[in-house]
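Text of the file structure19.txt, holding compact mmCIF, C-alpha atoms:
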# COMPACT_ATOMS: atom_id res chain seq x y z
CA MET A 135 -106.46 -42.67 41.68
CA ALA A 136 -109.95 -41.40 40.76
CA VAL A 137 -111.31 -43.68 43.48
CA VAL A 138 -109.36 -41.72 46.10
CA ARG A 139 -111.18 -38.51 45.09
CA LYS A 140 -114.47 -40.43 45.10
CA LEU A 141 -113.79 -41.80 48.59
CA GLU A 142 -112.71 -38.39 49.93
CA GLU A 143 -115.82 -36.72 48.51
CA ARG A 144 -117.99 -39.39 50.06
CA ILE A 145 -116.31 -38.95 53.45
CA LEU A 146 -116.90 -35.17 53.21
CA LYS A 147 -120.55 -35.74 52.25
CA ASP A 148 -121.53 -38.53 54.65
CA GLY A 149 -118.82 -38.75 57.31
CA ARG A 150 -119.68 -37.38 60.73
CA VAL A 151 -117.18 -36.03 63.24
CA TYR A 152 -117.68 -36.72 66.95
CA PRO A 153 -115.79 -35.61 70.05
CA GLY A 154 -112.52 -37.47 70.66
CA ASN A 155 -111.46 -37.41 66.99
CA VAL A 156 -114.08 -39.99 66.06
CA LEU A 157 -114.98 -40.18 62.36
CA LYS A 158 -118.10 -42.21 61.59
CA ILE A 159 -118.44 -43.54 58.06
CA ASP A 160 -120.96 -46.22 58.76
CA THR A 161 -123.48 -45.12 56.13
CA PHE A 162 -121.21 -46.33 53.32
CA LEU A 163 -118.25 -48.31 54.66
CA ASN A 164 -118.56 -50.17 57.92
CA HIS A 165 -122.20 -50.81 58.76
CA GLN A 166 -123.98 -50.04 55.53
CA VAL A 167 -121.60 -50.58 52.63
CA ASP A 168 -121.84 -48.87 49.24
CA THR A 169 -120.93 -51.86 47.08
CA GLN A 170 -120.21 -49.72 44.01
CA LEU A 171 -117.59 -47.70 45.91
CA LEU A 172 -116.37 -50.95 47.51
CA GLY A 173 -115.79 -52.48 44.08
CA ASP A 174 -113.85 -49.39 42.94
CA MET A 175 -111.66 -49.49 46.06
CA ALA A 176 -111.03 -53.23 45.62
CA GLU A 177 -109.89 -52.64 42.02
CA GLU A 178 -107.53 -49.91 43.21
CA PHE A 179 -105.97 -52.18 45.85
CA CYS A 180 -105.67 -54.88 43.22
CA GLU A 181 -103.72 -52.52 40.94
CA LEU A 182 -101.52 -51.29 43.79
CA PHE A 183 -100.49 -54.79 44.83
CA CYS A 184 -100.90 -56.92 41.69
CA ASN A 185 -97.12 -57.23 41.20
CA CYS A 186 -96.52 -58.61 44.69
CA ASP A 187 -97.43 -62.22 43.90
CA ILE A 188 -99.91 -62.30 46.79
CA THR A 189 -101.03 -65.75 47.97
CA LYS A 190 -103.53 -64.68 50.63
CA VAL A 191 -105.53 -61.62 51.64
CA PHE A 192 -105.65 -61.26 55.41
CA THR A 193 -107.98 -59.12 57.53
CA ILE A 194 -109.68 -59.06 60.91
CA GLU A 195 -113.35 -59.47 61.72
CA ALA A 196 -115.71 -57.78 61.41
CA SER A 197 -115.74 -54.70 59.18
CA GLY A 198 -112.46 -55.49 57.42
CA ILE A 199 -114.13 -58.52 55.81
CA ALA A 200 -116.35 -56.43 53.52
CA ILE A 201 -113.43 -54.66 51.86
CA ALA A 202 -111.02 -57.62 51.95
CA THR A 203 -113.45 -60.02 50.23
CA PRO A 204 -113.61 -58.35 46.78
CA VAL A 205 -109.82 -57.72 46.87
CA ALA A 206 -109.20 -61.44 47.41
CA GLN A 207 -111.72 -62.27 44.67
CA LEU A 208 -110.01 -59.97 42.18
CA LEU A 209 -106.54 -61.32 43.09
CA ARG A 210 -107.96 -64.88 42.86
CA VAL A 211 -106.50 -65.90 46.21
CA PRO A 212 -108.09 -67.12 49.46
CA LEU A 213 -109.30 -64.65 52.05
CA VAL A 214 -108.39 -65.27 55.69
CA PHE A 215 -109.98 -63.31 58.49
CA ALA A 216 -108.48 -63.38 61.97
CA LYS A 217 -110.95 -63.70 64.82
CA LYS A 218 -111.21 -61.83 68.09
CA ALA A 219 -111.22 -64.09 71.12
CA GLN A 220 -111.10 -64.09 74.87
CA SER A 221 -107.73 -65.14 76.19
CA ILE A 222 -108.89 -68.44 77.64
CA ASN A 223 -108.44 -72.01 76.40
CA LEU A 224 -107.19 -71.03 72.99
CA GLY A 225 -105.66 -74.41 72.15
CA ASP A 226 -102.35 -75.02 70.41
CA ASP A 227 -103.63 -75.33 66.84
CA LEU A 228 -103.68 -71.55 66.43
CA TYR A 229 -101.55 -68.43 66.66
CA ALA A 230 -102.66 -65.67 69.03
CA THR A 231 -101.54 -62.08 69.60
CA PRO A 232 -102.90 -59.69 72.24
CA VAL A 233 -104.46 -56.44 71.00
CA LYS A 234 -105.41 -53.38 73.01
CA SER A 235 -108.70 -51.82 71.88
CA TYR A 236 -108.96 -48.07 72.48
CA THR A 237 -112.59 -48.07 71.35
CA HIS A 238 -113.69 -50.74 73.78
CA LYS A 239 -111.04 -50.10 76.43
CA ARG A 240 -110.04 -53.72 76.83
CA THR A 241 -107.47 -56.22 75.63
CA TYR A 242 -108.42 -59.18 73.47
CA ASP A 243 -106.59 -61.79 71.40
CA VAL A 244 -106.59 -61.97 67.64
CA ILE A 245 -106.29 -65.56 66.52
CA VAL A 246 -105.73 -67.47 63.32
CA ALA A 247 -105.66 -71.22 62.78
CA LYS A 248 -102.14 -72.49 62.07
CA TYR A 249 -103.26 -74.38 58.97
CA VAL A 250 -104.37 -71.23 57.10
CA LEU A 251 -101.05 -69.32 57.20
CA ASN A 252 -97.66 -70.81 56.50
CA ALA A 253 -94.08 -69.88 55.64
CA ASP A 254 -94.76 -69.87 51.87
CA ASP A 255 -97.51 -67.27 52.13
CA ARG A 256 -97.07 -63.78 50.72
CA VAL A 257 -99.76 -61.86 52.53
CA LEU A 258 -101.67 -58.69 51.65
CA ILE A 259 -103.33 -57.21 54.75
CA ILE A 260 -106.50 -55.22 54.04
CA ASP A 261 -108.55 -53.24 56.56
CA ASP A 262 -111.11 -50.47 56.51
CA PHE A 263 -109.53 -48.20 59.13
CA LEU A 264 -106.07 -47.41 60.50
CA ALA A 265 -105.62 -45.14 63.52
CA ASN A 266 -103.30 -46.29 66.31
CA GLY A 267 -102.57 -49.49 64.44
CA CYS A 268 -103.40 -51.82 67.33
CA ALA A 269 -105.47 -54.29 65.33
CA LEU A 270 -103.02 -54.12 62.43
CA ASN A 271 -100.06 -54.84 64.70
CA GLY A 272 -101.99 -57.86 65.95
CA LEU A 273 -102.33 -59.12 62.37
CA LEU A 274 -98.63 -58.47 61.69
CA GLY A 275 -97.79 -60.47 64.80
CA LEU A 276 -99.83 -63.41 63.50
CA VAL A 277 -98.13 -63.32 60.08
CA GLU A 278 -94.74 -63.22 61.82
CA LYS A 279 -95.62 -66.21 64.02
CA ALA A 280 -96.57 -68.15 60.89
CA ASP A 281 -93.19 -67.21 59.29
CA ALA A 282 -95.14 -65.79 56.36
CA THR A 283 -94.23 -62.55 54.53
CA VAL A 284 -96.18 -59.29 54.55
CA GLU A 285 -96.06 -58.00 50.96
CA GLY A 286 -98.34 -55.05 51.51
CA ILE A 287 -100.95 -53.35 53.63
CA GLY A 288 -104.01 -51.69 52.06
CA ILE A 289 -106.21 -49.39 54.14
CA ALA A 290 -109.38 -47.61 53.04
CA VAL A 291 -109.22 -44.71 55.53
CA GLU A 292 -106.18 -43.78 57.61
CA LYS A 293 -106.25 -41.21 60.38
CA GLY A 294 -102.95 -39.55 59.58
CA PHE A 295 -102.87 -37.59 62.81
CA GLN A 296 -102.70 -40.79 64.86
CA PRO A 297 -99.41 -42.69 64.96
CA GLY A 298 -100.29 -46.07 63.38
CA GLY A 299 -99.54 -45.27 59.74
CA ALA A 300 -96.30 -43.35 60.33
CA GLU A 301 -94.92 -46.13 62.54
CA LEU A 302 -95.69 -48.82 59.97
CA ARG A 303 -94.05 -46.82 57.14
CA LYS A 304 -90.99 -46.26 59.35
CA ARG A 305 -90.75 -50.01 59.89
CA GLY A 306 -90.60 -50.39 56.10
CA TYR A 307 -94.01 -51.81 55.35
CA ASN A 308 -95.48 -51.18 51.90
CA LEU A 309 -98.54 -49.39 53.29
CA LYS A 310 -101.07 -47.76 50.96
CA SER A 311 -104.01 -45.83 52.38
CA LEU A 312 -106.61 -44.63 49.90
CA ALA A 313 -107.75 -41.64 51.96
CA ILE A 314 -105.64 -40.11 54.71
CA VAL A 315 -107.51 -37.83 57.11
CA GLU A 316 -105.09 -35.17 58.38
CA GLU A 317 -107.41 -33.25 60.67
CA LEU A 318 -110.87 -33.50 62.19
CA ASN A 319 -112.65 -30.62 63.86
CA GLU A 320 -115.48 -31.67 66.10
CA ASP A 321 -116.74 -28.10 66.51
CA ASN A 322 -117.51 -27.35 62.89
CA GLY A 323 -117.39 -30.90 61.45
CA MET A 324 -114.41 -30.01 59.22
CA ILE A 325 -112.49 -32.93 57.68
CA ARG A 326 -109.13 -32.23 56.00
CA PHE A 327 -107.24 -34.80 53.91
CA ARG A 328 -103.50 -35.19 53.34
CA LYS A 329 -102.56 -34.25 49.77
CA GLN A 330 -101.28 -37.37 47.99
CA MET B 90 -127.32 -75.92 40.65
CA ALA B 91 -123.80 -77.13 39.84
CA VAL B 92 -122.55 -74.96 42.69
CA VAL B 93 -124.57 -77.03 45.17
CA ARG B 94 -122.73 -80.18 44.12
CA LYS B 95 -119.45 -78.28 44.30
CA LEU B 96 -120.23 -77.04 47.81
CA GLU B 97 -121.36 -80.50 48.98
CA GLU B 98 -118.22 -82.11 47.60
CA ARG B 99 -116.09 -79.50 49.33
CA ILE B 100 -117.87 -80.06 52.64
CA LEU B 101 -117.29 -83.83 52.28
CA LYS B 102 -113.61 -83.24 51.46
CA ASP B 103 -112.70 -80.54 53.99
CA GLY B 104 -115.50 -80.41 56.58
CA ARG B 105 -114.74 -81.89 59.97
CA VAL B 106 -117.33 -83.35 62.34
CA TYR B 107 -116.95 -82.80 66.08
CA PRO B 108 -118.94 -84.04 69.10
CA GLY B 109 -122.22 -82.19 69.64
CA ASN B 110 -123.16 -82.12 65.95
CA VAL B 111 -120.52 -79.50 65.20
CA LEU B 112 -119.50 -79.17 61.54
CA LYS B 113 -116.36 -77.12 60.95
CA ILE B 114 -115.90 -75.66 57.47
CA ASP B 115 -113.40 -73.00 58.38
CA THR B 116 -110.79 -74.01 55.80
CA PHE B 117 -112.97 -72.68 52.97
CA LEU B 118 -115.97 -70.76 54.27
CA ASN B 119 -115.78 -69.01 57.62
CA HIS B 120 -112.16 -68.40 58.59
CA GLN B 121 -110.28 -69.05 55.40
CA VAL B 122 -112.57 -68.41 52.45
CA ASP B 123 -112.21 -70.00 49.00
CA THR B 124 -113.06 -66.92 46.93
CA GLN B 125 -113.68 -68.95 43.75
CA LEU B 126 -116.36 -71.02 45.50
CA LEU B 127 -117.63 -67.84 47.15
CA GLY B 128 -118.10 -66.19 43.77
CA ASP B 129 -120.00 -69.23 42.47
CA MET B 130 -122.30 -69.23 45.50
CA ALA B 131 -122.91 -65.50 45.18
CA GLU B 132 -123.92 -65.94 41.53
CA GLU B 133 -126.31 -68.72 42.54
CA PHE B 134 -127.98 -66.54 45.21
CA CYS B 135 -128.18 -63.76 42.67
CA GLU B 136 -130.05 -66.03 40.24
CA LEU B 137 -132.35 -67.36 42.97
CA PHE B 138 -133.42 -63.89 44.11
CA CYS B 139 -132.89 -61.66 41.06
CA ASN B 140 -136.66 -61.33 40.47
CA CYS B 141 -137.37 -60.08 43.99
CA ASP B 142 -136.44 -56.44 43.36
CA ILE B 143 -134.05 -56.46 46.34
CA THR B 144 -132.99 -53.05 47.68
CA LYS B 145 -130.58 -54.25 50.38
CA VAL B 146 -128.61 -57.35 51.34
CA PHE B 147 -128.61 -57.84 55.10
CA THR B 148 -126.36 -60.06 57.20
CA ILE B 149 -124.77 -60.24 60.64
CA GLU B 150 -121.12 -59.88 61.57
CA ALA B 151 -118.76 -61.55 61.29
CA SER B 152 -118.65 -64.57 58.96
CA GLY B 153 -121.88 -63.66 57.12
CA ILE B 154 -120.15 -60.60 55.67
CA ALA B 155 -117.84 -62.60 53.38
CA ILE B 156 -120.72 -64.31 51.56
CA ALA B 157 -123.13 -61.36 51.67
CA THR B 158 -120.64 -58.89 50.13
CA PRO B 159 -120.37 -60.42 46.63
CA VAL B 160 -124.14 -61.06 46.57
CA ALA B 161 -124.80 -57.35 47.22
CA GLN B 162 -122.18 -56.41 44.62
CA LEU B 163 -123.82 -58.62 41.98
CA LEU B 164 -127.31 -57.30 42.82
CA ARG B 165 -125.87 -53.73 42.77
CA VAL B 166 -127.45 -52.84 46.11
CA PRO B 167 -125.96 -51.75 49.45
CA LEU B 168 -124.86 -54.32 52.00
CA VAL B 169 -125.89 -53.85 55.62
CA PHE B 170 -124.38 -55.91 58.40
CA ALA B 171 -126.00 -55.96 61.82
CA LYS B 172 -123.62 -55.75 64.75
CA LYS B 173 -123.47 -57.76 67.96
CA ALA B 174 -123.56 -55.61 71.09
CA GLN B 175 -123.81 -55.75 74.82
CA SER B 176 -127.24 -54.73 76.05
CA ILE B 177 -126.11 -51.48 77.66
CA ASN B 178 -126.54 -47.88 76.53
CA LEU B 179 -127.68 -48.77 73.05
CA GLY B 180 -129.17 -45.36 72.30
CA ASP B 181 -132.42 -44.67 70.47
CA ASP B 182 -131.01 -44.23 66.97
CA LEU B 183 -130.93 -47.98 66.41
CA TYR B 184 -133.09 -51.09 66.45
CA ALA B 185 -132.05 -53.94 68.75
CA THR B 186 -133.20 -57.56 69.15
CA PRO B 187 -131.91 -60.03 71.75
CA VAL B 188 -130.32 -63.23 70.44
CA LYS B 189 -129.41 -66.36 72.37
CA SER B 190 -126.10 -67.89 71.28
CA TYR B 191 -125.84 -71.66 71.76
CA THR B 192 -122.19 -71.62 70.74
CA HIS B 193 -121.15 -69.04 73.30
CA LYS B 194 -123.88 -69.78 75.86
CA ARG B 195 -124.90 -66.16 76.34
CA THR B 196 -127.45 -63.62 75.16
CA TYR B 197 -126.44 -60.59 73.13
CA ASP B 198 -128.21 -57.91 71.11
CA VAL B 199 -128.08 -57.59 67.36
CA ILE B 200 -128.34 -53.96 66.37
CA VAL B 201 -128.79 -51.94 63.23
CA ALA B 202 -128.86 -48.16 62.83
CA LYS B 203 -132.35 -46.87 62.06
CA TYR B 204 -131.13 -44.86 59.06
CA VAL B 205 -129.96 -47.93 57.11
CA LEU B 206 -133.27 -49.86 57.04
CA ASN B 207 -136.64 -48.32 56.28
CA ALA B 208 -140.18 -49.21 55.25
CA ASP B 209 -139.39 -49.10 51.51
CA ASP B 210 -136.64 -51.70 51.78
CA ARG B 211 -137.04 -55.15 50.22
CA VAL B 212 -134.41 -57.13 52.04
CA LEU B 213 -132.45 -60.26 51.12
CA ILE B 214 -130.91 -61.85 54.20
CA ILE B 215 -127.71 -63.81 53.53
CA ASP B 216 -125.75 -65.89 56.03
CA ASP B 217 -123.19 -68.66 55.97
CA PHE B 218 -124.84 -71.04 58.45
CA LEU B 219 -128.35 -71.87 59.67
CA ALA B 220 -128.89 -74.25 62.59
CA ASN B 221 -131.30 -73.21 65.34
CA GLY B 222 -131.98 -69.94 63.58
CA CYS B 223 -131.25 -67.72 66.57
CA ALA B 224 -129.11 -65.17 64.73
CA LEU B 225 -131.48 -65.24 61.75
CA ASN B 226 -134.50 -64.60 63.94
CA GLY B 227 -132.63 -61.62 65.37
CA LEU B 228 -132.16 -60.23 61.85
CA LEU B 229 -135.84 -60.86 61.03
CA GLY B 230 -136.79 -58.97 64.18
CA LEU B 231 -134.71 -55.99 63.05
CA VAL B 232 -136.30 -55.96 59.58
CA GLU B 233 -139.74 -56.11 61.20
CA LYS B 234 -138.94 -53.22 63.55
CA ALA B 235 -137.89 -51.15 60.53
CA ASP B 236 -141.20 -52.03 58.77
CA ALA B 237 -139.15 -53.34 55.87
CA THR B 238 -140.00 -56.51 53.89
CA VAL B 239 -138.04 -59.77 53.85
CA GLU B 240 -138.04 -60.91 50.22
CA GLY B 241 -135.78 -63.89 50.71
CA ILE B 242 -133.25 -65.68 52.86
CA GLY B 243 -130.14 -67.28 51.34
CA ILE B 244 -128.00 -69.65 53.39
CA ALA B 245 -124.79 -71.38 52.34
CA VAL B 246 -125.03 -74.37 54.70
CA GLU B 247 -128.15 -75.40 56.64
CA LYS B 248 -128.15 -78.05 59.33
CA GLY B 249 -131.43 -79.69 58.34
CA PHE B 250 -131.61 -81.77 61.50
CA GLN B 251 -131.85 -78.66 63.66
CA PRO B 252 -135.14 -76.75 63.72
CA GLY B 253 -134.22 -73.30 62.31
CA GLY B 254 -134.84 -73.96 58.61
CA ALA B 255 -138.11 -75.92 59.04
CA GLU B 256 -139.55 -73.22 61.28
CA LEU B 257 -138.71 -70.44 58.85
CA ARG B 258 -140.24 -72.31 55.90
CA LYS B 259 -143.38 -72.99 57.99
CA ARG B 260 -143.64 -69.26 58.65
CA GLY B 261 -143.67 -68.73 54.88
CA TYR B 262 -140.22 -67.27 54.29
CA ASN B 263 -138.64 -67.77 50.87
CA LEU B 264 -135.62 -69.62 52.30
CA LYS B 265 -133.04 -71.16 50.00
CA SER B 266 -130.14 -73.12 51.44
CA LEU B 267 -127.45 -74.24 49.00
CA ALA B 268 -126.37 -77.31 50.97
CA ILE B 269 -128.58 -78.95 53.61
CA VAL B 270 -126.79 -81.32 55.97
CA GLU B 271 -129.25 -84.02 57.06
CA GLU B 272 -127.01 -86.03 59.35
CA LEU B 273 -123.60 -85.83 60.99
CA ASN B 274 -121.86 -88.79 62.59
CA GLU B 275 -119.11 -87.81 64.99
CA ASP B 276 -117.86 -91.41 65.31
CA ASN B 277 -116.97 -92.00 61.67
CA GLY B 278 -117.06 -88.42 60.36
CA MET B 279 -119.95 -89.21 58.01
CA ILE B 280 -121.82 -86.22 56.52
CA ARG B 281 -125.14 -86.88 54.71
CA PHE B 282 -126.95 -84.22 52.65
CA ARG B 283 -130.68 -83.78 51.96
CA LYS B 284 -131.49 -84.62 48.34
CA GLN B 285 -132.69 -81.42 46.63

Can the structure in the file be given as structure tokens, please?
Amino acid sequence: MAVVRKLEERILKDGRVYPGNVLKIDTFLNHQVDTQLLGDMAEEFCELFCNCDITKVFTIEASGIAIATPVAQLLRVPLVFAKKAQSINLGDDLYATPVKSYTHKRTYDVIVAKYVLNADDRVLIIDDFLANGCALNGLLGLVEKADATVEGIGIAVEKGFQPGGAELRKRGYNLKSLAIVEELNEDNGMIRFRKQ
Amino acid sequence: MAVVRKLEERILKDGRVYPGNVLKIDTFLNHQVDTQLLGDMAEEFCELFCNCDITKVFTIEASGIAIATPVAQLLRVPLVFAKKAQSINLGDDLYATPVKSYTHKRTYDVIVAKYVLNADDRVLIIDDFLANGCALNGLLGLVEKADATVEGIGIAVEKGFQPGGAELRKRGYNLKSLAIVEELNEDNGMIRFRKQ
């Protein structure tokens, strides 16, 4: 798990804490992406889930795509990214699940075409961030509608003090987060990680 | 250029033509992604631009990220993806350029944080699709605002019968499109490529 230490050190060095428990890591993960660190994280996910006989890696646009792509390449399976859509005229050739966005204070649909997920699929969900788990629950809803199986969930950075991760583990999902942030302090910029 | 033939064959096999010169390739490129083909395309872009001393690969969310990520990994440089935003309260720590979307019939801003692009950067722009060039011109505007240099533009699929590509070549950009679609026929589904 050397990559976990590397990721934590990078978050300490370049992450910035803002009011409202916001952690910005957009200099190396979700706006500008350090592709060396990305490759290391992808290899780690690959090791964590290589025995799960994954048939597809599944994520949601936009920033999840950067981390999900090299994981799918290493596992030699297709990548599928769900799209965000307005809830009008969605058509019947796709699955849709409503998602509440805390960041943007609105509700949108996540959608996936029916022909890219089916009952034989053993899905690995990959995303960059997990906090309340809203987007992730949207993806889980899509996999369920397709009668496919969720074999694992891989997250780069989890905010352990928000309920998403704990709820998913309680529901029995095989969830692995590389770095888990336990506490953010907006006054002094302190970032504390959960010991793993 | 074996990958060009491979991509053209895949477009002929799985691409679908819809009224209004719409070509859908979302079973293997921009919803579900064939990661084997993706890797081959990334290697091709890498060869085409490896002598340009690229410092950053630049794309726009969302579907450009999947193809730009492995290119940046192979070139061992950071990936930057511009974001789409509403034109309100953008702040002064970022560059913004307005973009007209034909698909969604609205205007939005593409934005990039000032700290991820600077005057020393030699940028390779990568995207999955080029038609009218609206999104691409937005990216070029951002690179210009940052006083950085565009060393090349790599596109997976160009619609050669729409003006974006011709205009960019006329302006002197080093634009390489792997597959160039010359004609689409919505009545019989015919797809014709430009001979390269």

Output as a PDB file with C-alpha atoms, keeping the file's coordinate frame the set of chain B residues within 7 Å of chain A, with distances taken over all atoms listed in the file.
ATOM      1  CA  HIS B 120    -112.160 -68.400  58.590  1.00  0.00           C
ATOM      2  CA  GLN B 121    -110.280 -69.050  55.400  1.00  0.00           C
ATOM      3  CA  VAL B 122    -112.570 -68.410  52.450  1.00  0.00           C
ATOM      4  CA  ASP B 123    -112.210 -70.000  49.000  1.00  0.00           C
ATOM      5  CA  THR B 124    -113.060 -66.920  46.930  1.00  0.00           C
ATOM      6  CA  GLU B 150    -121.120 -59.880  61.570  1.00  0.00           C
ATOM      7  CA  ALA B 151    -118.760 -61.550  61.290  1.00  0.00           C
ATOM      8  CA  ILE B 154    -120.150 -60.600  55.670  1.00  0.00           C
ATOM      9  CA  ALA B 155    -117.840 -62.600  53.380  1.00  0.00           C
ATOM     10  CA  THR B 158    -120.640 -58.890  50.130  1.00  0.00           C
ATOM     11  CA  ALA B 161    -124.800 -57.350  47.220  1.00  0.00           C
ATOM     12  CA  GLN B 162    -122.180 -56.410  44.620  1.00  0.00           C
ATOM     13  CA  ARG B 165    -125.870 -53.730  42.770  1.00  0.00           C
ATOM     14  CA  VAL B 166    -127.450 -52.840  46.110  1.00  0.00           C
ATOM     15  CA  PRO B 167    -125.960 -51.750  49.450  1.00  0.00           C
ATOM     16  CA  LEU B 168    -124.860 -54.320  52.000  1.00  0.00           C
ATOM     17  CA  VAL B 169    -125.890 -53.850  55.620  1.00  0.00           C
ATOM     18  CA  PHE B 170    -124.380 -55.910  58.400  1.00  0.00           C
ATOM     19  CA  VAL B 205    -129.960 -47.930  57.110  1.00  0.00           C
TER      20      VAL B 205
END

* One-decimal distance in Å that lies between atom CA of Ala280 of chain A and atom CA of Leu182 of chain A -> 24.5 Å

* Proximity to Leu157 of chain A - best of A:Asn319, A:Asn271, A:Thr231, A:Asn185, all atoms listed in the file ->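 Ranked by minimum distance to Leu157 of chain A, first place goes to A:Asn319.
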
* Residue neighbourhood Asn322 of chain A, 12 Å, only C-alpha atoms, exclusion window fewer than 2 positions, as a ChimeraX atom specification -> /A:150-153,317-320,324-326

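Comparing the minimum interatomic distances between Cys184 of chain A and each of A:Gly286, A:Gly275, A:Pro232, A:Gly149, counting only C-alpha atoms, we find that A:Gly286 sits nearest.
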
* Name the closest residue to Leu264 of chain A among the candidates A:Arg303, A:Lys234, A:Lys293, A:Arg328; distances are taken between atoms, counting only C-alpha atoms. => A:Lys293

* Quick one, how far is atom CA of Ala91 of chain B from atom CA of Val246 of chain B? ->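 Atom CA of Val246 of chain B lies 15.2 Å from atom CA of Ala91 of chain B.
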
* Please measure the separation of atom CA of Thr283 of chain A and atom CA of Asn252 of chain A, giving the value in Å to one decimal. => 9.2 Å

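When only C-alpha atoms are used to measure the gap to Cys186 of chain A, the shortest distance among A:Leu141, A:Ala313, A:Val257, A:Ile245 belongs to A:Val257.
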
* To do: Identify, on the basis of only C-alpha atoms, every residue whose closest approach to Ala300 of chain A does not exceed 12 Å; exclude the query and any residue fewer than 2 positions from it along the same chain; express the result as JSON, numbers by chain.
  => {"A": [264, 265, 266, 267, 292, 293, 294, 295, 296, 297, 298, 302, 303, 304, 305, 306, 307, 308, 309, 310, 311, 314]}
